[in-house]
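S.K.: Take a look at upload08.pdb, PDB, C-alpha atoms:
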ATOM      1  CA  MET A   1      -7.903  20.266  -0.289  1.00  0.00           C
ATOM      2  CA  ARG A   2      -8.575  16.570   0.033  1.00  0.00           C
ATOM      3  CA  SER A   3     -10.246  14.606  -2.680  1.00  0.00           C
ATOM      4  CA  ALA A   4     -11.915  11.206  -2.688  1.00  0.00           C
ATOM      5  CA  ALA A   5     -11.243  10.789  -6.385  1.00  0.00           C
ATOM      6  CA  LEU A   6      -8.143   8.652  -5.873  1.00  0.00           C
ATOM      7  CA  THR A   7      -8.117   5.435  -7.826  1.00  0.00           C
ATOM      8  CA  ALA A   8      -5.620   2.633  -7.327  1.00  0.00           C
ATOM      9  CA  THR A   9      -4.793   0.006  -9.866  1.00  0.00           C
ATOM     10  CA  LEU A  10      -2.550  -2.708  -8.485  1.00  0.00           C
ATOM     11  CA  LEU A  11      -0.829  -4.930 -11.003  1.00  0.00           C
ATOM     12  CA  SER A  12       1.689  -7.707 -10.547  1.00  0.00           C
ATOM     13  CA  THR A  13       4.238  -8.391 -13.228  1.00  0.00           C
ATOM     14  CA  LEU A  14       7.227 -10.669 -13.326  1.00  0.00           C
ATOM     15  CA  ALA A  15      10.504 -10.548 -15.198  1.00  0.00           C
ATOM     16  CA  ALA A  16      12.041 -13.922 -14.508  1.00  0.00           C
ATOM     17  CA  THR A  17      14.144 -16.505 -16.188  1.00  0.00           C
ATOM     18  CA  ALA A  18      12.659 -19.921 -15.629  1.00  0.00           C
ATOM     19  CA  PRO A  19      15.042 -22.460 -14.069  1.00  0.00           C
ATOM     20  CA  THR A  20      16.290 -25.230 -16.303  1.00  0.00           C
ATOM     21  CA  THR A  21      15.104 -27.789 -13.769  1.00  0.00           C
ATOM     22  CA  THR A  22      12.248 -27.565 -11.295  1.00  0.00           C
ATOM     23  CA  PRO A  23      12.717 -29.581  -8.087  1.00  0.00           C
ATOM     24  CA  HIS A  24       9.710 -30.999  -6.326  1.00  0.00           C
ATOM     25  CA  LEU A  25       8.737 -28.387  -3.717  1.00  0.00           C
ATOM     26  CA  THR A  26       6.061 -28.399  -1.078  1.00  0.00           C
ATOM     27  CA  THR A  27       4.879 -25.292   0.779  1.00  0.00           C
ATOM     28  CA  ARG A  28       5.241 -25.183   4.573  1.00  0.00           C
ATOM     29  CA  ASP A  29       4.818 -22.404   7.117  1.00  0.00           C
ATOM     30  CA  ALA A  30       8.358 -21.263   7.963  1.00  0.00           C
ATOM     31  CA  PRO A  31      11.523 -22.505   9.657  1.00  0.00           C
ATOM     32  CA  SER A  32      11.874 -22.019  13.396  1.00  0.00           C
ATOM     33  CA  PRO A  33      13.591 -19.980  14.636  1.00  0.00           C
ATOM     34  CA  PRO A  34      13.432 -17.433  11.777  1.00  0.00           C
ATOM     35  CA  PRO A  35      16.669 -16.217  10.179  1.00  0.00           C
ATOM     36  CA  ARG A  36      18.304 -12.946  11.117  1.00  0.00           C
ATOM     37  CA  ILE A  37      19.345  -9.876   9.169  1.00  0.00           C
ATOM     38  CA  VAL A  38      23.139  -9.758   9.317  1.00  0.00           C
ATOM     39  CA  SER A  39      23.555  -6.385   7.621  1.00  0.00           C
ATOM     40  CA  VAL A  40      21.621  -3.806   5.592  1.00  0.00           C
ATOM     41  CA  SER A  41      22.894  -1.230   3.115  1.00  0.00           C
ATOM     42  CA  TYR A  42      21.090   1.203   0.821  1.00  0.00           C
ATOM     43  CA  SER A  43      21.517   2.789  -2.588  1.00  0.00           C
ATOM     44  CA  GLY A  44      19.497   4.995  -4.914  1.00  0.00           C
ATOM     45  CA  SER A  45      18.506   8.621  -5.384  1.00  0.00           C
ATOM     46  CA  GLY A  46      15.975   8.405  -2.535  1.00  0.00           C
ATOM     47  CA  CYS A  47      18.451   7.013  -0.004  1.00  0.00           C
ATOM     48  CA  PRO A  48      22.037   7.716  -1.119  1.00  0.00           C
ATOM     49  CA  SER A  49      24.662   5.897   0.915  1.00  0.00           C
ATOM     50  CA  SER A  50      26.490   9.182   1.476  1.00  0.00           C
ATOM     51  CA  ALA A  51      23.536  10.544   3.467  1.00  0.00           C
ATOM     52  CA  PRO A  52      22.049   7.808   5.667  1.00  0.00           C
ATOM     53  CA  GLY A  53      18.388   8.726   5.780  1.00  0.00           C
ATOM     54  CA  VAL A  54      16.742   5.349   6.330  1.00  0.00           C
ATOM     55  CA  ASP A  55      15.421   4.177   9.684  1.00  0.00           C
ATOM     56  CA  GLN A  56      14.998   0.408   9.909  1.00  0.00           C
ATOM     57  CA  THR A  57      12.621  -1.053  12.457  1.00  0.00           C
ATOM     58  CA  GLY A  58      11.710  -4.633  13.246  1.00  0.00           C
ATOM     59  CA  ASP A  59      13.536  -7.895  12.666  1.00  0.00           C
ATOM     60  CA  PHE A  60      13.456 -10.257   9.689  1.00  0.00           C
ATOM     61  CA  ASN A  61       9.761 -11.065  10.103  1.00  0.00           C
ATOM     62  CA  SER A  62       8.595  -7.492  10.726  1.00  0.00           C
ATOM     63  CA  ILE A  63      10.991  -5.244   8.841  1.00  0.00           C
ATOM     64  CA  ALA A  64       9.954  -1.711   7.907  1.00  0.00           C
ATOM     65  CA  LEU A  65      11.989   1.065   6.316  1.00  0.00           C
ATOM     66  CA  ARG A  66      11.339   4.754   6.902  1.00  0.00           C
ATOM     67  CA  MET A  67      12.978   6.727   4.071  1.00  0.00           C
ATOM     68  CA  ASN A  68      13.512  10.246   5.409  1.00  0.00           C
ATOM     69  CA  ALA A  69      15.100  11.670   2.232  1.00  0.00           C
ATOM     70  CA  PHE A  70      12.684  10.074  -0.253  1.00  0.00           C
ATOM     71  CA  GLU A  71      10.891  12.820  -2.212  1.00  0.00           C
ATOM     72  CA  ALA A  72       9.684  12.947  -5.809  1.00  0.00           C
ATOM     73  CA  ARG A  73       8.173  16.032  -7.447  1.00  0.00           C
ATOM     74  CA  THR A  74       7.305  17.209 -10.929  1.00  0.00           C
ATOM     75  CA  THR A  75       9.429  20.356 -10.789  1.00  0.00           C
ATOM     76  CA  SER A  76      11.962  18.656 -13.069  1.00  0.00           C
ATOM     77  CA  GLN A  77      12.278  15.437 -15.056  1.00  0.00           C
ATOM     78  CA  ALA A  78      15.147  14.269 -12.848  1.00  0.00           C
ATOM     79  CA  ASP A  79      13.141  14.756  -9.650  1.00  0.00           C
ATOM     80  CA  SER A  80       9.970  13.067 -10.915  1.00  0.00           C
ATOM     81  CA  SER A  81      11.347   9.529 -10.468  1.00  0.00           C
ATOM     82  CA  VAL A  82      13.091   8.453  -7.251  1.00  0.00           C
ATOM     83  CA  ASN A  83      14.179   5.067  -5.916  1.00  0.00           C
ATOM     84  CA  CYS A  84      15.616   3.446  -2.819  1.00  0.00           C
ATOM     85  CA  GLN A  85      17.100  -0.047  -2.887  1.00  0.00           C
ATOM     86  CA  ALA A  86      17.778  -2.020   0.281  1.00  0.00           C
ATOM     87  CA  HIS A  87      20.345  -4.824   0.281  1.00  0.00           C
ATOM     88  CA  LEU A  88      19.831  -7.316   3.123  1.00  0.00           C
ATOM     89  CA  SER A  89      22.280 -10.067   4.012  1.00  0.00           C
ATOM     90  CA  ILE A  90      20.244 -12.838   5.662  1.00  0.00           C
ATOM     91  CA  ALA A  91      21.496 -15.911   7.524  1.00  0.00           C
ATOM     92  CA  GLY A  92      20.631 -18.299  10.336  1.00  0.00           C
ATOM     93  CA  SER A  93      17.924 -20.395   8.696  1.00  0.00           C
ATOM     94  CA  ALA A  94      17.409 -24.104   9.074  1.00  0.00           C
ATOM     95  CA  ALA A  95      18.519 -26.126   6.065  1.00  0.00           C
ATOM     96  CA  GLY A  96      16.136 -27.020   3.272  1.00  0.00           C
ATOM     97  CA  TRP A  97      14.116 -23.803   2.903  1.00  0.00           C
ATOM     98  CA  GLN A  98      13.512 -21.059   0.328  1.00  0.00           C
ATOM     99  CA  VAL A  99      11.967 -17.645   0.984  1.00  0.00           C
ATOM    100  CA  GLY A 100      10.698 -14.743  -1.111  1.00  0.00           C
ATOM    101  CA  VAL A 101       8.900 -11.423  -0.723  1.00  0.00           C
ATOM    102  CA  LYS A 102       5.115 -11.970  -0.827  1.00  0.00           C
ATOM    103  CA  ASP A 103       3.203  -8.920   0.478  1.00  0.00           C
ATOM    104  CA  VAL A 104       4.327  -5.300   0.208  1.00  0.00           C
ATOM    105  CA  SER A 105       2.976  -2.104   1.785  1.00  0.00           C
ATOM    106  CA  VAL A 106       4.088   1.403   0.793  1.00  0.00           C
ATOM    107  CA  LYS A 107       3.097   4.671   2.451  1.00  0.00           C
ATOM    108  CA  GLY A 108       3.739   8.367   1.968  1.00  0.00           C
ATOM    109  CA  HIS A 109       2.230  11.809   1.467  1.00  0.00           C
ATOM    110  CA  LEU A 110       0.808  12.337  -2.015  1.00  0.00           C
ATOM    111  CA  ILE A 111      -0.136  15.521  -3.847  1.00  0.00           C
ATOM    112  CA  LEU A 112      -1.699  15.226  -7.302  1.00  0.00           C
ATOM    113  CA  ASP A 113      -3.395  17.808  -9.454  1.00  0.00           C
ATOM    114  CA  PRO A 114      -6.417  16.545 -11.439  1.00  0.00           C
ATOM    115  CA  GLY A 115      -5.223  14.233 -14.203  1.00  0.00           C
ATOM    116  CA  ALA A 116      -1.831  13.538 -12.593  1.00  0.00           C
ATOM    117  CA  SER A 117      -0.800  10.098 -11.356  1.00  0.00           C
ATOM    118  CA  LEU A 118       1.908   8.217  -9.513  1.00  0.00           C
ATOM    119  CA  ASP A 119       3.314   4.867 -10.618  1.00  0.00           C
ATOM    120  CA  TYR A 120       5.176   2.865  -7.998  1.00  0.00           C
ATOM    121  CA  TYR A 121       7.219  -0.297  -8.290  1.00  0.00           C
ATOM    122  CA  VAL A 122       8.615  -2.726  -5.739  1.00  0.00           C
ATOM    123  CA  GLN A 123      11.159  -5.110  -7.230  1.00  0.00           C
ATOM    124  CA  SER A 124      12.743  -7.976  -5.309  1.00  0.00           C
ATOM    125  CA  PHE A 125      15.472 -10.413  -6.253  1.00  0.00           C
ATOM    126  CA  TRP A 126      18.328 -12.390  -4.700  1.00  0.00           C
ATOM    127  CA  SER A 127      21.878 -11.589  -5.781  1.00  0.00           C
ATOM    128  CA  GLU A 128      22.578 -15.304  -6.029  1.00  0.00           C
ATOM    129  CA  ASP A 129      19.960 -15.571  -8.811  1.00  0.00           C
ATOM    130  CA  ALA A 130      19.537 -12.010 -10.085  1.00  0.00           C
ATOM    131  CA  GLY A 131      17.895 -13.151 -13.310  1.00  0.00           C
ATOM    132  CA  LYS A 132      14.806 -14.186 -11.376  1.00  0.00           C
ATOM    133  CA  THR A 133      13.028 -10.964 -10.406  1.00  0.00           C
ATOM    134  CA  SER A 134       9.564 -10.203  -9.044  1.00  0.00           C
ATOM    135  CA  THR A 135       8.063  -6.765  -9.670  1.00  0.00           C
ATOM    136  CA  ILE A 136       4.904  -5.287  -8.177  1.00  0.00           C
ATOM    137  CA  LYS A 137       3.488  -2.238  -9.946  1.00  0.00           C
ATOM    138  CA  GLY A 138       0.770   0.072  -8.659  1.00  0.00           C
ATOM    139  CA  THR A 139      -0.809   3.284  -9.931  1.00  0.00           C
ATOM    140  CA  LEU A 140      -2.435   6.029  -7.864  1.00  0.00           C
ATOM    141  CA  SER A 141      -4.248   8.655  -9.924  1.00  0.00           C
ATOM    142  CA  ASN A 142      -6.432  11.706  -9.351  1.00  0.00           C
ATOM    143  CA  GLY A 143      -9.460  11.493 -11.613  1.00  0.00           C
ATOM    144  CA  GLY A 144     -11.328  14.288  -9.863  1.00  0.00           C
ATOM    145  CA  THR A 145     -11.538  18.039 -10.332  1.00  0.00           C
ATOM    146  CA  ALA A 146      -9.700  19.185  -7.186  1.00  0.00           C
ATOM    147  CA  ARG A 147      -6.100  18.774  -6.020  1.00  0.00           C
ATOM    148  CA  LEU A 148      -5.514  15.661  -3.946  1.00  0.00           C
ATOM    149  CA  ASP A 149      -3.343  16.274  -0.868  1.00  0.00           C
ATOM    150  CA  GLN A 150      -3.295  13.400   1.626  1.00  0.00           C
ATOM    151  CA  ASP A 151      -1.432  10.484   3.150  1.00  0.00           C
ATOM    152  CA  VAL A 152      -1.802   7.246   1.200  1.00  0.00           C
ATOM    153  CA  THR A 153      -1.087   3.576   1.854  1.00  0.00           C
ATOM    154  CA  ALA A 154      -1.088   0.884  -0.830  1.00  0.00           C
ATOM    155  CA  HIS A 155      -0.820  -2.888  -0.426  1.00  0.00           C
ATOM    156  CA  SER A 156       0.094  -5.417  -3.089  1.00  0.00           C
ATOM    157  CA  THR A 157       0.617  -9.184  -3.163  1.00  0.00           C
ATOM    158  CA  VAL A 158       2.899 -11.184  -5.448  1.00  0.00           C
ATOM    159  CA  PRO A 159       1.034 -14.165  -6.982  1.00  0.00           C
ATOM    160  CA  ASP A 160       2.336 -17.508  -5.721  1.00  0.00           C
ATOM    161  CA  GLY A 161       3.783 -18.493  -9.082  1.00  0.00           C
ATOM    162  CA  GLN A 162       5.698 -15.223  -9.461  1.00  0.00           C
ATOM    163  CA  VAL A 163       7.600 -15.072  -6.159  1.00  0.00           C
ATOM    164  CA  ALA A 164      11.387 -14.715  -6.547  1.00  0.00           C
ATOM    165  CA  TYR A 165      12.715 -17.324  -4.123  1.00  0.00           C
ATOM    166  CA  SER A 166      16.123 -17.495  -2.480  1.00  0.00           C
ATOM    167  CA  PRO A 167      18.470 -20.406  -3.121  1.00  0.00           C
ATOM    168  CA  CYS A 168      17.776 -23.511  -1.060  1.00  0.00           C
ATOM    169  CA  THR A 169      19.438 -23.080   2.328  1.00  0.00           C
ATOM    170  CA  GLY A 170      22.214 -25.508   3.193  1.00  0.00           C
ATOM    171  CA  ALA A 171      23.742 -26.749   6.409  1.00  0.00           C
ATOM    172  CA  GLN A 172      25.391 -23.360   7.083  1.00  0.00           C
ATOM    173  CA  GLY A 173      21.987 -21.657   7.143  1.00  0.00           C
ATOM    174  CA  ASN A 174      22.914 -18.845   4.748  1.00  0.00           C
ATOM    175  CA  VAL A 175      19.783 -17.501   3.024  1.00  0.00           C
ATOM    176  CA  GLY A 176      21.432 -14.992   0.677  1.00  0.00           C
ATOM    177  CA  LEU A 177      21.487 -11.313  -0.255  1.00  0.00           C
ATOM    178  CA  LEU A 178      17.980  -9.945  -0.775  1.00  0.00           C
ATOM    179  CA  ASN A 179      17.550  -6.763  -2.815  1.00  0.00           C
ATOM    180  CA  VAL A 180      14.291  -4.784  -2.550  1.00  0.00           C
ATOM    181  CA  ASN A 181      14.008  -1.714  -4.775  1.00  0.00           C
ATOM    182  CA  PHE A 182      11.177   0.801  -4.255  1.00  0.00           C
ATOM    183  CA  ARG A 183      10.712   3.334  -7.071  1.00  0.00           C
ATOM    184  CA  VAL A 184       8.086   5.963  -7.833  1.00  0.00           C
ATOM    185  CA  ALA A 185       7.471   7.897 -11.061  1.00  0.00           C
ATOM    186  CA  LEU A 186       5.121  10.872 -11.260  1.00  0.00           C
ATOM    187  CA  GLN A 187       3.104  11.383 -14.437  1.00  0.00           C
ATOM    188  CA  ALA A 188       1.889  14.932 -15.086  1.00  0.00           C
ATOM    189  CA  ASP A 189       1.290  17.099 -18.158  1.00  0.00           C
ATOM    190  CA  GLY A 190       1.903  20.798 -18.600  1.00  0.00           C
ATOM    191  CA  THR A 191       1.387  22.703 -15.379  1.00  0.00           C
ATOM    192  CA  GLN A 192       0.035  19.732 -13.401  1.00  0.00           C
ATOM    193  CA  TYR A 193       1.833  19.285 -10.094  1.00  0.00           C
ATOM    194  CA  GLY A 194       2.657  16.026  -8.383  1.00  0.00           C
ATOM    195  CA  TYR A 195       4.587  15.140  -5.221  1.00  0.00           C
ATOM    196  CA  PHE A 196       5.264  11.990  -3.190  1.00  0.00           C
ATOM    197  CA  GLY A 197       7.259  11.889   0.019  1.00  0.00           C
ATOM    198  CA  LYS A 198       6.656  13.406   3.414  1.00  0.00           C
ATOM    199  CA  ASP A 199       4.740  16.013   5.355  1.00  0.00           C
ATOM    200  CA  PRO A 200       4.984  17.023   9.025  1.00  0.00           C
ATOM    201  CA  ASP A 201       3.529  13.725  10.282  1.00  0.00           C
ATOM    202  CA  THR A 202       4.287  11.220   7.488  1.00  0.00           C
ATOM    203  CA  THR A 203       7.439   9.914   5.823  1.00  0.00           C
ATOM    204  CA  ALA A 204       7.722   7.635   2.801  1.00  0.00           C
ATOM    205  CA  SER A 205       8.020   4.071   4.070  1.00  0.00           C
ATOM    206  CA  GLU A 206       7.755   0.476   2.974  1.00  0.00           C
ATOM    207  CA  SER A 207       7.384  -2.886   4.648  1.00  0.00           C
ATOM    208  CA  TRP A 208       7.021  -6.425   3.410  1.00  0.00           C
ATOM    209  CA  SER A 209       6.382  -9.983   4.505  1.00  0.00           C
ATOM    210  CA  TYR A 210       7.527 -13.333   3.176  1.00  0.00           C
ATOM    211  CA  ILE A 211       6.418 -16.720   1.977  1.00  0.00           C
ATOM    212  CA  TRP A 212       8.482 -19.856   2.671  1.00  0.00           C
ATOM    213  CA  ARG A 213       8.620 -23.251   1.013  1.00  0.00           C
ATOM    214  CA  ARG A 214      10.565 -26.480   1.487  1.00  0.00           C
ATOM    215  CA  CYS A 215      13.177 -27.479  -1.045  1.00  0.00           C
TER     216      CYS A 215
END
Using structure tokens, write down the structure that the file contains.

M.R.:
Amino acid sequence: MRSAALTATLLSTLAATAPTTTPHLTTRDAPSPPPRIVSVSYSGSGCPSSAPGVDQTGDFNSIALRMNAFEARTTSQADSSVNCQAHLSIAGSAAGWQVGVKDVSVKGHLILDPGASLDYYVQSFWSEDAGKTSTIKGTLSNGGTARLDQDVTAHSTVPDGQVAYSPCTGAQGNVGLLNVNFRVALQADGTQYGYFGKDPDTTASESWSYIWRRC
């Protein structure tokens, strides 16, 4: 049974260490041509490296990840929280730019009994400055009286002042190693059931876009 009683609360939080010095930066559109993704690897319970279950589509500017093995359910504590982290080596940018994840979209099939909810998190950081991390948090909850069973899509935006930027690109054009971690955690009491993942026509997926600035 489908229910319209799905509420979404989208929050943006940041765990970042402020730099000791702040260079004068001005925002521009983006370098041309855009950089390229040199390599991608994955880790996490929702996409273990031993069982490649992630389909990547698009290039740097239009990347999307389809996570075929990503499933969370309330049948056990261990299964109620699942994550998939992508590690992207990026190069080929013009010198004098920084980039960070700005907009994020997540999609999947969601089942929630009344009173149950799903928290999701998308965390991004660059390995070259791992102390500076941007985290988007969203909550999808069923406040109705009937089981919710439907595909869902949620969009979130990182506030400008909370974007985790890459190091400033140099003459070699190396952007850095971007890490994007997608995690879900189901919240349910007693016999309440919750599930997030796939159904016959939907698979858990995520995509994101960027913001650039001069440095």

S.K.: Restricting the calculation to only C-alpha atoms: of A:Val152, A:Cys168, A:Val158, A:Ala78, which residue gets closest to A:Leu118?

M.R.: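 The shortest atom-to-atom distance to A:Leu118 comes from A:Val152.
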
S.K.: Identify the residues within 12 Å of coordinate (12.2, 15.4, -6.4) (same frame as the file), considering all atoms listed in the file, and give the answer as a PDB file with C-alpha atoms, in the frame of the given file.

M.R.:
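File written: part_22.pdb
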ATOM      1  CA  SER A  45      18.506   8.621  -5.384  1.00  0.00           C
ATOM      2  CA  GLY A  46      15.975   8.405  -2.535  1.00  0.00           C
ATOM      3  CA  ALA A  69      15.100  11.670   2.232  1.00  0.00           C
ATOM      4  CA  PHE A  70      12.684  10.074  -0.253  1.00  0.00           C
ATOM      5  CA  GLU A  71      10.891  12.820  -2.212  1.00  0.00           C
ATOM      6  CA  ALA A  72       9.684  12.947  -5.809  1.00  0.00           C
ATOM      7  CA  ARG A  73       8.173  16.032  -7.447  1.00  0.00           C
ATOM      8  CA  THR A  74       7.305  17.209 -10.929  1.00  0.00           C
ATOM      9  CA  THR A  75       9.429  20.356 -10.789  1.00  0.00           C
ATOM     10  CA  SER A  76      11.962  18.656 -13.069  1.00  0.00           C
ATOM     11  CA  GLN A  77      12.278  15.437 -15.056  1.00  0.00           C
ATOM     12  CA  ALA A  78      15.147  14.269 -12.848  1.00  0.00           C
ATOM     13  CA  ASP A  79      13.141  14.756  -9.650  1.00  0.00           C
ATOM     14  CA  SER A  80       9.970  13.067 -10.915  1.00  0.00           C
ATOM     15  CA  SER A  81      11.347   9.529 -10.468  1.00  0.00           C
ATOM     16  CA  VAL A  82      13.091   8.453  -7.251  1.00  0.00           C
ATOM     17  CA  ASN A  83      14.179   5.067  -5.916  1.00  0.00           C
ATOM     18  CA  VAL A 184       8.086   5.963  -7.833  1.00  0.00           C
ATOM     19  CA  ALA A 185       7.471   7.897 -11.061  1.00  0.00           C
ATOM     20  CA  LEU A 186       5.121  10.872 -11.260  1.00  0.00           C
ATOM     21  CA  TYR A 193       1.833  19.285 -10.094  1.00  0.00           C
ATOM     22  CA  GLY A 194       2.657  16.026  -8.383  1.00  0.00           C
ATOM     23  CA  TYR A 195       4.587  15.140  -5.221  1.00  0.00           C
ATOM     24  CA  PHE A 196       5.264  11.990  -3.190  1.00  0.00           C
ATOM     25  CA  GLY A 197       7.259  11.889   0.019  1.00  0.00           C
ATOM     26  CA  LYS A 198       6.656  13.406   3.414  1.00  0.00           C
TER      27      LYS A 198
END

S.K.: Mind listing whatever residues come within 9 Å of the point (5.4, -0.3, 4.0)? Use all atoms listed in the file, file coordinates, and give them as a count of residues only.

M.R.: 16

S.K.: In Å, how far is it from atom CA of A:Ala30 to atom CA of A:Ser209?

M.R.: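 Atom-to-atom, atom CA of A:Ala30 and atom CA of A:Ser209 are spaced 12.0 Å apart.
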
S.K.: I need the residue set behind the PyMOL selection byres ((chain A and resi 142) around 8) for this file; please write it as an mmCIF file with C-alpha atoms, in the coordinates of the input.

M.R.:
data_model
loop_
_atom_site.group_PDB
_atom_site.id
_atom_site.type_symbol
_atom_site.label_atom_id
_atom_site.label_comp_id
_atom_site.auth_asym_id
_atom_site.auth_seq_id
_atom_site.Cartn_x
_atom_site.Cartn_y
_atom_site.Cartn_z
ATOM 1 C CA ALA A 5 -11.243 10.789 -6.385
ATOM 2 C CA LEU A 6 -8.143 8.652 -5.873
ATOM 3 C CA THR A 7 -8.117 5.435 -7.826
ATOM 4 C CA LEU A 112 -1.699 15.226 -7.302
ATOM 5 C CA ASP A 113 -3.395 17.808 -9.454
ATOM 6 C CA PRO A 114 -6.417 16.545 -11.439
ATOM 7 C CA GLY A 115 -5.223 14.233 -14.203
ATOM 8 C CA ALA A 116 -1.831 13.538 -12.593
ATOM 9 C CA SER A 117 -0.800 10.098 -11.356
ATOM 10 C CA LEU A 140 -2.435 6.029 -7.864
ATOM 11 C CA SER A 141 -4.248 8.655 -9.924
ATOM 12 C CA GLY A 143 -9.460 11.493 -11.613
ATOM 13 C CA GLY A 144 -11.328 14.288 -9.863
ATOM 14 C CA ARG A 147 -6.100 18.774 -6.020
ATOM 15 C CA LEU A 148 -5.514 15.661 -3.946
#

S.K.: Mind pulling up the distance from atom CA of A:Arg36 to atom CA of A:Gln123?

M.R.: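 The value is 21.2 Å.
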
S.K.: I'd like the neighbourhood of stretch 176-181 of chain A as a PyMOL selection string, where a residue qualifies if any of its atoms comes within 9 Å (using all atoms listed in the file), though same-chain residues fewer than 3 positions away should be ignored.

M.R.: chain A and resi 44+83-91+100-101+121-128+166-167+169

S.K.: Could you give me, as JSON, numbers by chain, the residues within 7 Å of A:Ala95, counting all atoms listed in the file and dropping anything in the same chain fewer than 4 positions from it?

M.R.: {"A": [169, 170, 171, 173]}

S.K.: Could you dump the residues just selected with C-alpha atoms as a compact mmCIF listing (two decimals), keeping the file's coordinate frame?

M.R.:
# COMPACT_ATOMS: atom_id res chain seq x y z
CA THR A 169 19.44 -23.08 2.33
CA GLY A 170 22.21 -25.51 3.19
CA ALA A 171 23.74 -26.75 6.41
CA GLY A 173 21.99 -21.66 7.14

S.K.: How many Å separate atom CA of A:Pro35 from atom CA of A:Val99?

M.R.: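 That distance, rounded to one decimal, is 10.4 Å.
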
S.K.: List as a tab-separated table (two decimals) with C-alpha atoms, in the frame of the given file the protein and nucleic acid residues near A:Pro33, meaning an atom at most 9 Å away when all atoms listed in the file are counted, but skip any in the same chain fewer than 6 places from it.

M.R.:
chain	number	residue	atom	x	y	z
A	92	GLY	CA	20.63	-18.30	10.34
A	93	SER	CA	17.92	-20.40	8.70
A	94	ALA	CA	17.41	-24.10	9.07

S.K.: My list of candidates is A:Phe182, A:Asp149, A:His109, A:Asp199. Which is closest to A:Tyr42 when distances are computed with all atoms listed in the file?

M.R.: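 Going through A:Phe182, A:Asp149, A:His109, A:Asp199 one by one, the smallest distance to A:Tyr42 is for A:Phe182.
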
S.K.: I need the output of the PyMOL selection byres ((chain A and resi 162-164) around 6) for this file as an MDAnalysis selection string; which residues are they?

M.R.: chainID A and resid 100 125 132:134 159:161 165

S.K.: Restricting the calculation to only C-alpha atoms: of A:Asp201, A:Tyr120, A:Ala188, A:Arg183, which residue gets closest to A:Ser43?

M.R.: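 Using only C-alpha atoms, A:Ser43 sits closest to A:Arg183.
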